[in-house]
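Have a look at model.cif; it's mmCIF, C-alpha atoms and all ligand atoms:
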```
data_upload
#
loop_
_atom_site.label_atom_id
_atom_site.label_comp_id
_atom_site.auth_asym_id
_atom_site.auth_seq_id
_atom_site.Cartn_x
_atom_site.Cartn_y
_atom_site.Cartn_z
CA MET A 1 100.02 13.58 80.25
CA ARG A 2 100.42 10.11 81.60
CA PRO A 3 102.21 9.48 84.87
CA GLN A 4 105.52 7.82 84.24
CA GLY A 5 106.47 4.85 86.32
CA THR A 6 109.77 3.08 86.36
CA ALA A 7 108.46 -0.40 85.83
CA GLY A 8 104.71 -0.08 85.66
CA ALA A 9 102.23 -2.76 84.89
CA SER A 10 100.05 -2.81 81.86
CA VAL A 11 96.81 -4.66 81.93
CA CYS A 12 95.62 -6.63 79.01
CA GLY A 13 92.15 -8.02 78.49
CA GLY A 14 91.28 -10.75 76.03
CA ILE A 15 88.63 -9.43 73.68
CA GLY A 16 85.39 -11.19 74.27
CA GLU A 17 82.65 -11.70 76.70
CA ARG A 18 81.54 -14.24 79.16
CA ASN A 19 78.16 -14.56 80.70
CA GLY A 20 77.95 -15.42 84.30
CA ILE A 21 79.67 -14.58 87.49
CA GLY A 22 83.11 -13.11 87.15
CA SER A 23 86.06 -14.92 88.59
CA LEU A 24 89.60 -13.85 89.08
CA GLY A 25 91.51 -13.50 85.87
CA GLY A 26 95.14 -12.99 85.21
CA GLY A 27 98.19 -13.11 87.37
CA ALA A 28 101.06 -15.48 87.61
CA SER A 29 98.76 -18.43 88.07
CA VAL A 30 97.48 -18.26 84.47
CA MET A 31 99.28 -20.87 82.44
CA ARG A 32 97.23 -21.25 79.29
CA LEU A 33 95.31 -18.22 78.05
CA PRO A 34 92.19 -18.58 75.89
CA GLY A 35 94.04 -17.09 72.91
CA ALA A 36 96.86 -19.64 73.07
CA PRO A 37 99.04 -20.46 71.30
CA GLU A 38 99.08 -17.04 69.61
CA VAL A 39 98.41 -15.13 72.86
CA ALA A 40 100.69 -16.62 75.48
CA TYR A 41 103.36 -15.89 78.06
CA ARG A 42 106.94 -16.46 77.21
CA GLY A 43 108.60 -16.35 80.56
CA ASP A 44 106.82 -13.49 82.28
CA SER A 45 106.15 -11.48 79.12
CA LEU A 46 102.84 -11.68 77.38
CA HIS A 47 103.32 -12.23 73.64
CA LEU A 48 101.09 -11.86 70.63
CA GLU A 49 102.64 -14.35 68.23
CA ASP A 50 106.35 -13.41 68.42
CA LEU A 51 105.86 -9.87 69.68
CA PRO A 52 105.98 -8.87 73.34
CA VAL A 53 102.75 -7.00 74.07
CA SER A 54 104.63 -4.38 76.14
CA GLU A 55 106.71 -3.65 73.07
CA LEU A 56 103.51 -3.05 71.08
CA ALA A 57 102.28 -0.72 73.83
CA ARG A 58 105.55 1.18 73.71
CA ARG A 59 105.48 1.51 69.92
CA PHE A 60 101.84 2.35 69.36
CA GLY A 61 100.64 3.75 72.68
CA THR A 62 97.62 2.66 74.67
CA PRO A 63 94.77 1.88 74.72
CA LEU A 64 95.60 -0.42 71.84
CA TYR A 65 93.80 -3.25 70.15
CA ALA A 66 96.15 -5.80 68.61
CA TYR A 67 95.25 -8.96 66.73
CA SER A 68 96.95 -12.11 65.59
CA MET A 69 96.39 -12.92 61.92
CA ALA A 70 97.62 -16.45 62.54
CA SER A 71 94.93 -16.96 65.15
CA MET A 72 92.19 -15.73 62.81
CA GLN A 73 93.45 -17.96 60.01
CA ARG A 74 93.58 -20.96 62.32
CA ALA A 75 89.99 -20.32 63.42
CA LEU A 76 88.82 -19.95 59.83
CA SER A 77 90.54 -23.14 58.74
CA GLY A 78 88.21 -25.25 60.92
CA TYR A 79 85.20 -23.96 58.98
CA GLN A 80 87.04 -24.37 55.68
CA ARG A 81 87.96 -27.99 56.37
CA ALA A 82 84.41 -28.92 57.32
CA LEU A 83 82.94 -27.27 54.22
CA ALA A 84 85.59 -28.34 51.71
CA GLY A 85 84.25 -30.12 48.65
CA ARG A 86 80.76 -28.69 48.95
CA ASP A 87 79.09 -25.62 47.48
CA HIS A 88 79.47 -23.14 50.33
CA LEU A 89 80.27 -19.59 51.41
CA ILE A 90 81.76 -18.51 54.72
CA CYS A 91 80.49 -14.98 55.40
CA TYR A 92 82.51 -13.36 58.16
CA ALA A 93 80.14 -11.33 60.38
CA VAL A 94 81.63 -7.86 60.13
CA LYS A 95 80.10 -6.69 63.41
CA ALA A 96 82.48 -8.98 65.27
CA ASN A 97 85.37 -6.74 64.24
CA SER A 98 85.18 -4.30 61.35
CA ASN A 99 88.83 -3.29 61.35
CA LEU A 100 89.89 -2.91 57.71
CA ALA A 101 93.00 -5.10 58.07
CA VAL A 102 90.86 -7.83 59.61
CA LEU A 103 88.36 -7.59 56.76
CA GLN A 104 91.16 -7.59 54.21
CA SER A 105 92.62 -10.73 55.69
CA PHE A 106 89.29 -12.57 55.44
CA ALA A 107 88.70 -11.25 51.91
CA ARG A 108 92.10 -12.57 50.83
CA GLN A 109 91.15 -15.96 52.16
CA GLY A 110 88.08 -16.07 49.94
CA CYS A 111 85.49 -15.23 52.58
CA GLY A 112 82.24 -13.51 51.97
CA PHE A 113 80.82 -11.10 54.55
CA ASP A 114 77.70 -10.75 56.62
CA ILE A 115 76.86 -7.06 57.01
CA VAL A 116 74.14 -5.15 58.87
CA SER A 117 74.54 -1.60 57.54
CA GLY A 118 75.59 0.51 54.62
CA GLY A 119 78.64 1.54 56.60
CA GLU A 120 79.73 -2.08 56.98
CA LEU A 121 79.25 -2.56 53.24
CA GLU A 122 81.55 0.40 52.58
CA ARG A 123 84.17 -1.09 54.86
CA VAL A 124 83.98 -4.46 53.11
CA LEU A 125 84.39 -2.80 49.71
CA ALA A 126 87.26 -0.64 50.99
CA ALA A 127 88.98 -3.80 52.22
CA GLY A 128 88.70 -5.44 48.79
CA GLY A 129 85.76 -7.70 49.66
CA ASP A 130 83.65 -9.04 46.80
CA PRO A 131 80.08 -7.64 46.95
CA ALA A 132 78.83 -10.78 45.20
CA ARG A 133 79.83 -12.63 48.38
CA VAL A 134 77.99 -10.33 50.78
CA VAL A 135 74.79 -11.12 52.64
CA PHE A 136 72.95 -8.16 54.14
CA SER A 137 71.34 -9.01 57.51
CA GLY A 138 69.68 -6.88 60.16
CA VAL A 139 66.17 -5.91 61.23
CA GLY A 140 66.45 -2.22 60.38
CA LYS A 141 67.77 -1.77 56.85
CA THR A 142 66.82 1.64 55.52
CA ARG A 143 65.63 2.16 51.96
CA ALA A 144 68.81 4.09 51.24
CA GLU A 145 70.89 1.15 52.46
CA MET A 146 68.84 -1.23 50.33
CA ALA A 147 69.48 0.92 47.24
CA GLN A 148 73.18 1.14 48.09
CA ALA A 149 73.46 -2.66 48.47
CA LEU A 150 71.53 -3.32 45.27
CA ALA A 151 73.78 -0.95 43.34
CA ALA A 152 76.85 -2.66 44.82
CA GLY A 153 75.51 -6.06 43.74
CA VAL A 154 75.34 -7.93 47.04
CA LEU A 155 74.62 -11.64 46.91
CA CYS A 156 71.47 -11.52 48.97
CA PHE A 157 69.38 -9.69 51.55
CA ASN A 158 68.52 -11.66 54.68
CA VAL A 159 65.04 -10.23 55.19
CA GLU A 160 63.55 -10.14 58.68
CA SER A 161 59.96 -8.94 58.26
CA ILE A 162 57.15 -8.63 55.73
CA GLY A 163 57.43 -4.83 55.92
CA GLU A 164 61.09 -5.03 54.98
CA LEU A 165 60.27 -7.43 52.14
CA GLU A 166 57.75 -5.00 50.67
CA ALA A 167 60.09 -2.03 51.05
CA LEU A 168 62.89 -3.97 49.37
CA SER A 169 60.66 -4.99 46.49
CA ALA A 170 59.67 -1.34 45.96
CA VAL A 171 63.28 -0.11 46.13
CA ALA A 172 64.47 -2.81 43.72
CA SER A 173 61.61 -2.23 41.27
CA ALA A 174 62.26 1.52 41.29
CA SER A 175 65.72 0.88 39.87
CA SER A 176 64.57 -1.96 37.58
CA ARG A 177 66.44 -4.47 39.68
CA THR A 178 65.50 -7.70 41.41
CA ALA A 179 66.69 -8.30 44.96
CA LYS A 180 67.77 -11.82 45.83
CA VAL A 181 66.48 -12.61 49.28
CA SER A 182 66.71 -15.20 51.96
CA LEU A 183 64.09 -15.01 54.69
CA ARG A 184 65.51 -15.08 58.19
CA VAL A 185 63.38 -17.46 60.17
CA ASN A 186 63.07 -17.18 63.93
CA PRO A 187 62.89 -20.86 64.87
CA ASP A 188 61.98 -20.25 68.55
CA VAL A 189 64.95 -22.25 69.77
CA ASP A 190 66.74 -21.53 73.02
CA ALA A 191 70.43 -20.98 72.24
CA LYS A 192 71.13 -21.15 76.01
CA THR A 193 73.13 -17.97 76.03
CA HIS A 194 72.83 -14.53 77.67
CA PRO A 195 69.39 -12.97 76.98
CA TYR A 196 71.02 -9.95 75.33
CA ILE A 197 72.69 -12.11 72.71
CA SER A 198 69.92 -14.64 72.21
CA THR A 199 68.20 -13.97 68.89
CA GLY A 200 66.20 -17.06 67.98
CA LEU A 201 63.45 -17.01 70.58
CA ARG A 202 59.85 -16.07 69.99
CA GLY A 203 60.18 -12.90 72.11
CA ASN A 204 63.24 -11.61 70.22
CA LYS A 205 63.01 -8.89 67.58
CA PHE A 206 64.86 -11.00 65.03
CA GLY A 207 63.57 -12.92 62.04
CA ILE A 208 60.14 -14.02 60.91
CA ALA A 209 58.40 -16.43 63.28
CA HIS A 210 58.74 -19.94 61.90
CA THR A 211 54.97 -20.30 62.22
CA GLU A 212 54.55 -17.36 59.82
CA ALA A 213 57.45 -18.15 57.53
CA LEU A 214 55.46 -20.07 54.91
CA ALA A 215 53.09 -17.14 54.45
CA ALA A 216 56.07 -14.79 54.18
CA PHE A 217 57.74 -16.94 51.51
CA ARG A 218 54.46 -17.08 49.57
CA ARG A 219 54.23 -13.29 49.75
CA ALA A 220 57.85 -12.95 48.66
CA ALA A 221 57.24 -15.18 45.62
CA LYS A 222 54.55 -12.75 44.43
CA LEU A 223 56.48 -9.49 44.88
CA PRO A 224 57.84 -8.01 41.63
CA GLY A 225 61.25 -6.90 42.91
CA ILE A 226 62.05 -10.09 44.85
CA ASP A 227 63.78 -13.30 43.87
CA VAL A 228 63.71 -15.92 46.63
CA ALA A 229 67.16 -17.49 46.93
CA GLY A 230 67.42 -19.00 50.37
CA ILE A 231 66.44 -19.40 53.96
CA ASP A 232 68.47 -18.47 57.03
CA CYS A 233 68.53 -18.26 60.79
CA HIS A 234 70.86 -16.98 63.46
CA ILE A 235 69.85 -17.98 66.94
CA GLY A 236 72.33 -16.10 69.10
CA SER A 237 75.93 -15.62 70.03
CA GLN A 238 78.38 -17.32 72.40
CA ILE A 239 76.55 -20.62 71.92
CA THR A 240 78.40 -23.43 73.65
CA GLU A 241 76.27 -26.43 72.72
CA SER A 242 75.49 -28.12 69.40
CA SER A 243 71.90 -29.12 70.14
CA PRO A 244 70.28 -25.67 69.57
CA TYR A 245 71.87 -25.57 66.11
CA VAL A 246 70.49 -29.00 65.23
CA GLU A 247 67.05 -28.03 66.50
CA ALA A 248 67.04 -24.81 64.46
CA LEU A 249 68.33 -26.62 61.37
CA ASP A 250 65.49 -29.15 61.58
CA ARG A 251 62.95 -26.32 61.71
CA LEU A 252 64.52 -24.76 58.63
CA LEU A 253 64.57 -28.04 56.71
CA ASP A 254 60.90 -28.69 57.57
CA LEU A 255 60.07 -25.34 55.98
CA VAL A 256 62.26 -25.98 52.93
CA GLU A 257 60.52 -29.29 52.32
CA THR A 258 57.07 -27.71 52.47
CA LEU A 259 58.11 -24.80 50.25
CA GLU A 260 59.68 -26.98 47.62
CA GLY A 261 56.61 -29.21 47.70
CA GLU A 262 54.70 -26.07 46.66
CA GLY A 263 57.18 -25.26 43.90
CA THR A 264 59.27 -22.52 45.61
CA ALA A 265 62.94 -23.39 45.06
CA ILE A 266 65.30 -22.68 47.97
CA ALA A 267 68.82 -22.63 46.60
CA HIS A 268 70.77 -22.02 49.78
CA LEU A 269 70.66 -22.69 53.48
CA ASP A 270 72.31 -20.08 55.70
CA LEU A 271 72.97 -21.41 59.19
CA GLY A 272 74.07 -18.08 60.70
CA GLY A 273 76.92 -17.73 63.17
CA GLY A 274 76.97 -17.76 66.93
CA LEU A 275 79.54 -20.35 67.90
CA GLY A 276 81.00 -19.50 71.29
CA ILE A 277 84.60 -19.35 72.40
CA ALA A 278 86.35 -20.08 75.69
CA TYR A 279 86.87 -17.07 77.92
CA ASP A 280 87.35 -19.07 81.05
CA THR A 281 86.06 -22.61 81.55
CA GLU A 282 83.55 -22.77 78.69
CA THR A 283 83.90 -25.72 76.33
CA PRO A 284 82.13 -24.78 73.09
CA PRO A 285 82.13 -27.31 70.28
CA ASP A 286 84.99 -27.15 67.84
CA ALA A 287 83.88 -25.30 64.66
CA GLU A 288 84.91 -28.13 62.37
CA ASP A 289 83.02 -30.72 64.45
CA LEU A 290 79.93 -28.56 64.71
CA ILE A 291 79.73 -27.84 60.99
CA ARG A 292 80.39 -31.50 60.12
CA ARG A 293 77.57 -32.52 62.42
CA LEU A 294 75.18 -30.05 60.79
CA LEU A 295 76.21 -31.14 57.29
CA GLU A 296 75.60 -34.77 58.24
CA ARG A 297 72.12 -33.79 59.32
CA ILE A 298 71.55 -31.88 56.07
CA ASP A 299 72.72 -34.90 54.06
CA ALA A 300 70.71 -37.37 56.13
CA ARG A 301 67.57 -35.39 55.36
CA GLY A 302 68.35 -35.41 51.64
CA HIS A 303 69.46 -31.77 51.21
CA GLY A 304 73.13 -32.41 50.45
CA ARG A 305 73.03 -30.66 47.06
CA ARG A 306 72.08 -27.34 48.56
CA LYS A 307 74.58 -24.48 48.93
CA VAL A 308 75.45 -23.86 52.57
CA LEU A 309 76.30 -20.45 54.03
CA VAL A 310 77.60 -19.73 57.51
CA GLU A 311 78.12 -16.36 59.21
CA PRO A 312 80.71 -16.78 61.97
CA GLY A 313 82.02 -13.72 63.80
CA ARG A 314 83.15 -14.15 67.37
CA SER A 315 84.60 -17.62 66.82
CA LEU A 316 86.96 -16.22 64.16
CA VAL A 317 88.24 -13.16 66.00
CA GLY A 318 87.18 -13.19 69.65
CA ASN A 319 90.26 -14.88 71.00
CA ALA A 320 92.63 -13.49 68.39
CA GLY A 321 93.14 -10.12 69.99
CA VAL A 322 94.00 -8.16 73.07
CA LEU A 323 93.11 -4.73 74.35
CA VAL A 324 96.24 -3.31 75.88
CA SER A 325 95.88 -0.56 78.43
CA GLU A 326 98.19 1.25 80.77
CA VAL A 327 97.75 1.33 84.52
CA LEU A 328 97.44 5.03 85.35
CA TYR A 329 96.95 4.76 89.09
CA VAL A 330 96.38 2.21 91.75
CA LYS A 331 94.01 3.35 94.44
CA PRO A 332 93.70 1.27 97.58
CA GLY A 333 90.18 1.46 98.96
CA GLU A 334 88.46 0.55 102.21
CA THR A 335 86.50 -2.26 100.66
CA LYS A 336 88.43 -2.89 97.48
CA ASN A 337 91.45 -1.79 95.51
CA PHE A 338 90.99 0.06 92.26
CA CYS A 339 93.27 -0.17 89.30
CA ILE A 340 92.62 2.82 87.03
CA VAL A 341 93.56 2.14 83.41
CA ASP A 342 93.44 4.20 80.23
CA ALA A 343 90.90 1.97 78.46
CA ALA A 344 87.26 2.49 79.32
CA MET A 345 83.71 1.45 78.58
CA ASN A 346 83.89 3.22 75.22
CA ASP A 347 86.72 0.89 74.22
CA LEU A 348 85.12 -2.26 75.62
CA ALA A 349 81.41 -1.71 76.07
CA ARG A 350 79.93 -5.07 76.94
CA PRO A 351 81.09 -5.46 80.53
CA ALA A 352 79.23 -2.22 81.30
CA MET A 353 76.27 -3.12 79.08
CA TYR A 354 75.49 -6.57 80.38
CA GLY A 355 78.22 -7.80 82.63
CA ALA A 356 80.30 -9.54 79.98
CA TRP A 357 83.44 -11.00 81.46
CA MET A 358 86.95 -10.47 80.15
CA ARG A 359 90.15 -12.06 81.27
CA ILE A 360 92.55 -9.40 82.50
CA VAL A 361 96.21 -10.21 82.76
CA GLU A 362 99.50 -8.39 83.15
CA CYS A 363 101.69 -7.75 80.15
CA GLU A 364 104.70 -8.31 82.37
CA ARG A 365 104.14 -10.63 85.29
CA GLY A 366 105.71 -9.56 88.52
CA GLN A 367 106.88 -11.63 91.45
CA GLY A 368 105.35 -11.79 94.86
CA GLU A 369 101.94 -12.03 96.39
CA PRO A 370 99.21 -10.95 93.95
CA GLN A 371 96.66 -8.35 94.97
CA VAL A 372 93.13 -8.13 93.69
CA PHE A 373 91.85 -5.00 91.91
CA ASP A 374 88.66 -3.75 90.33
CA VAL A 375 89.83 -2.52 86.96
CA VAL A 376 88.14 0.77 86.04
CA GLY A 377 88.46 3.37 83.30
CA PRO A 378 88.49 7.17 83.36
CA ILE A 379 84.84 7.71 82.32
CA CYS A 380 82.54 9.46 84.81
CA GLU A 381 80.19 6.52 85.35
CA SER A 382 80.44 3.96 88.08
CA GLY A 383 79.49 1.42 85.44
CA ASP A 384 82.86 2.04 83.76
CA TRP A 385 84.58 -1.08 84.97
CA GLN A 386 85.68 -4.42 83.69
CA ARG A 387 83.58 -6.95 85.45
CA SER A 388 86.39 -9.36 86.11
CA PRO A 389 88.71 -8.30 88.91
CA ALA A 390 92.40 -8.53 88.06
CA ARG A 391 94.97 -10.27 90.15
CA ALA A 392 98.21 -8.39 89.71
CA THR A 393 101.61 -9.02 91.13
CA THR A 394 102.66 -5.40 91.02
CA THR A 395 101.02 -2.26 92.27
CA ARG A 396 103.14 0.23 90.43
CA ALA A 397 101.55 2.53 87.91
CA GLY A 398 102.99 3.73 84.65
CA GLY A 399 103.66 2.49 81.16
CA PRO A 400 105.47 -0.57 79.98
CA PRO A 401 109.06 -1.02 81.13
CA LYS A 402 111.45 1.23 79.19
C1 LIG B 501 72.71 -12.16 61.56
C2 LIG B 501 73.96 -12.47 62.28
N1 LIG B 501 74.83 -13.33 61.73
C3 LIG B 501 76.00 -13.64 62.33
C4 LIG B 501 76.34 -13.09 63.54
C5 LIG B 501 77.64 -13.47 64.15
O1 LIG B 501 77.51 -14.08 65.37
P1 LIG B 501 78.79 -14.56 66.16
O2 LIG B 501 79.72 -13.41 66.21
O3 LIG B 501 78.30 -14.95 67.49
O4 LIG B 501 79.37 -15.72 65.38
C6 LIG B 501 75.45 -12.21 64.17
C7 LIG B 501 75.78 -11.66 65.49
O5 LIG B 501 75.03 -11.08 66.20
C8 LIG B 501 74.23 -11.89 63.52
O6 LIG B 501 73.36 -11.05 64.08
#
```
Could you express the structure from this file as structure tokens?
Amino acid sequence: MRPQGTAGASVCGGIGERNGIGSLGGGASVMRLPGAPEVAYRGDSLHLEDLPVSELARRFGTPLYAYSMASMQRALSGYQRALAGRDHLICYAVKANSNLAVLQSFARQGCGFDIVSGGELERVLAAGGDPARVVFSGVGKTRAEMAQALAAGVLCFNVESIGELEALSAVASASSRTAKVSLRVNPDVDAKTHPYISTGLRGNKFGIAHTEALAAFRRAAKLPGIDVAGIDCHIGSQITESSPYVEALDRLLDLVETLEGEGTAIAHLDLGGGLGIAYDTETPPDAEDLIRRLLERIDARGHGRRKVLVEPGRSLVGNAGVLVSEVLYVKPGETKNFCIVDAAMNDLARPAMYGAWMRIVECERGQGEPQVFDVVGPICESGDWQRSPARATTTRAGGPPK
């Protein structure tokens, strides 16, 4: 049973991650939140669109994830505007948030999906997604997952190794099918992001080294169950600069030119995802500007006729939601104050995994001098904490005001 307070504070963290040293988040001093305008204070009450977040907590209980559809649509529209009028497919990266309502919303808006498992494929299909708009990424596809995706009729497999290519050819041939593939190239480009979410460097497990990509494409062209359709890369996540994208794109286009010179047609270019969002003071490029810049580069190099795919995840959903939790206890300590909430590292893993930073704010702002707390969950690990301390203007525990 939860302790009942008369006017307790709930704590609410923006869903996302920030790399670097945590700074104080939340409190009365916060004027514009990263999720604005859909996540914003009206007076002292935090709102998600028109709904007070404390009201959501009261109705649905905590811990609670809640998302703004309007925010997700607004984020998607930047990509759509940049790509309008050109052969393209926006594949929402399901790993960013695989909630069925979220998937359904993107499916309704004509998106394809980027998946990394058979389970994600099932979720996409359950949400009404079109398998012919699905790309299957990931370094560890099992043969069973390959067969499942082939039977579902996915658009393409983004293949990450020669071993995977050979296994896929065998699985496809066994069912008299041909698998459309794109080879994921590791361009050895520094995305300038946290090492745990950097994926396009030589030392990363992802993709086929760009120095070995030509040999891999030649091998693919000879395999009976494989039909080469495209080339792709994904260099990391929470990328806040355009230049790594341009560098990676140039590497891809160099390869395409060589391959087509040899007679291997490359129908589509998949630029991956990775665009960062603001958690605090970051200033990532605007999606529309970034994609326009990349398309200009593609056109300038004479590849304008090619179909373009993108795989955004975080930039579509990361600032669209909140994790709402209830303050169970406040525990003044000798060296710090603890704020014990009902959400934990199982609900929000990345702060514990690699120090990702979340903004933590009060659902109802109080008056008075704020105090600083370490926000921790109930799990029996000292790592179960949200890296960003919270500044709260109340110290009372309990649920949202009745
Ligand atoms: C292959 C692939 N595509 C797309 C994404 C989405 O990246 P983000 O959520 O940073 O846009 C990821 C994320 O790790 C990925 O691995």
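For the residues A:Ala213, A:Met72, A:Cys233, A:Met358, ranking by smallest atom-to-atom distance to Ala248 of chain A using all atoms listed in the file places A:Cys233 first.
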Residue with smallest distance to ligand LIG 501 (chain B) - pool A:Thr142, A:Asn99, A:Ser315, A:Ser77, counting all atoms listed in the file: A:Ser315
Within 10 Å of ligand LIG 501 (chain B), which residues show up when you count all atoms listed in the file? List them as JSON, numbers by chain, please. {"A": [91, 92, 93, 94, 95, 96, 97, 113, 114, 115, 116, 135, 136, 137, 138, 139, 158, 160, 184, 197, 198, 199, 206, 207, 232, 233, 234, 235, 236, 237, 238, 239, 270, 271, 272, 273, 274, 275, 276, 277, 310, 311, 312, 313, 314, 315, 316, 317, 318]}
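The shortest atom-to-atom distance to Arg133 of chain A, with all atoms listed in the file taken into account, belongs to A:Leu309 out of A:Leu255, A:Leu309, A:Met345, A:Ile162.
Atom CA of Gly203 of chain A sits 21.3 Å away from atom CA of Ser182 of chain A.
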Counting all atoms listed in the file, I want the residues whose atoms come within 6 Å of (94.7, -14.9, 72.7) in the file frame, returned as a PyMOL selection string. chain A and resi 34-36+38-39+319-321
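With distances taken over all atoms listed in the file, A:Lys180 is the one residue among A:Arg305, A:Lys205, A:Lys192, A:Lys180 lying closest to Ala229 of chain A.
Nearest-residue note for Val154 of chain A: choosing from A:Ser325, A:Gln73, A:Thr258, A:Thr178, the minimum distance belongs to A:Thr178, counting all atoms listed in the file.
Pairwise distance (atom CA of Ser161 of chain A, atom CA of Leu253 of chain A) equals 19.7 Å.
Atom pair atom CA of Ala216 of chain A / atom CA of Gly119 of chain A: separated by 28.0 Å.
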If we count only C-alpha atoms, what is near segment 41-57 of chain A at a cut-off of 6 Å, once residues fewer than 2 positions away on the same chain are taken out, given as a ChimeraX atom specification? /A:38-39,59-62,363-365,400
Residues within 10 Å of Ala149 of chain A, please, as a VMD selection string. Count all atoms listed in the file; anything in the same chain fewer than 2 positions from it doesn't count. chain A and resid 117 to 118 121 to 122 131 134 to 136 143 to 147 151 to 157 179
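Nearest to Tyr67 of chain A of all the residues A:Pro370, A:Asp190, A:Val322, A:Pro378 is A:Val322, counting all atoms listed in the file.
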Selection: 9 Å around Gly304 of chain A, all atoms listed in the file, excl. self and same-chain fewer than 4 positions, as a compact mmCIF listing (two decimals) with C-alpha atoms, in the coordinates of the input:
```txt
# COMPACT_ATOMS: atom_id res chain seq x y z
CA ARG A 86 80.76 -28.69 48.95
CA LEU A 295 76.21 -31.14 57.29
CA GLU A 296 75.60 -34.77 58.24
CA ILE A 298 71.55 -31.88 56.07
CA ASP A 299 72.72 -34.90 54.06
CA ALA A 300 70.71 -37.37 56.13
```
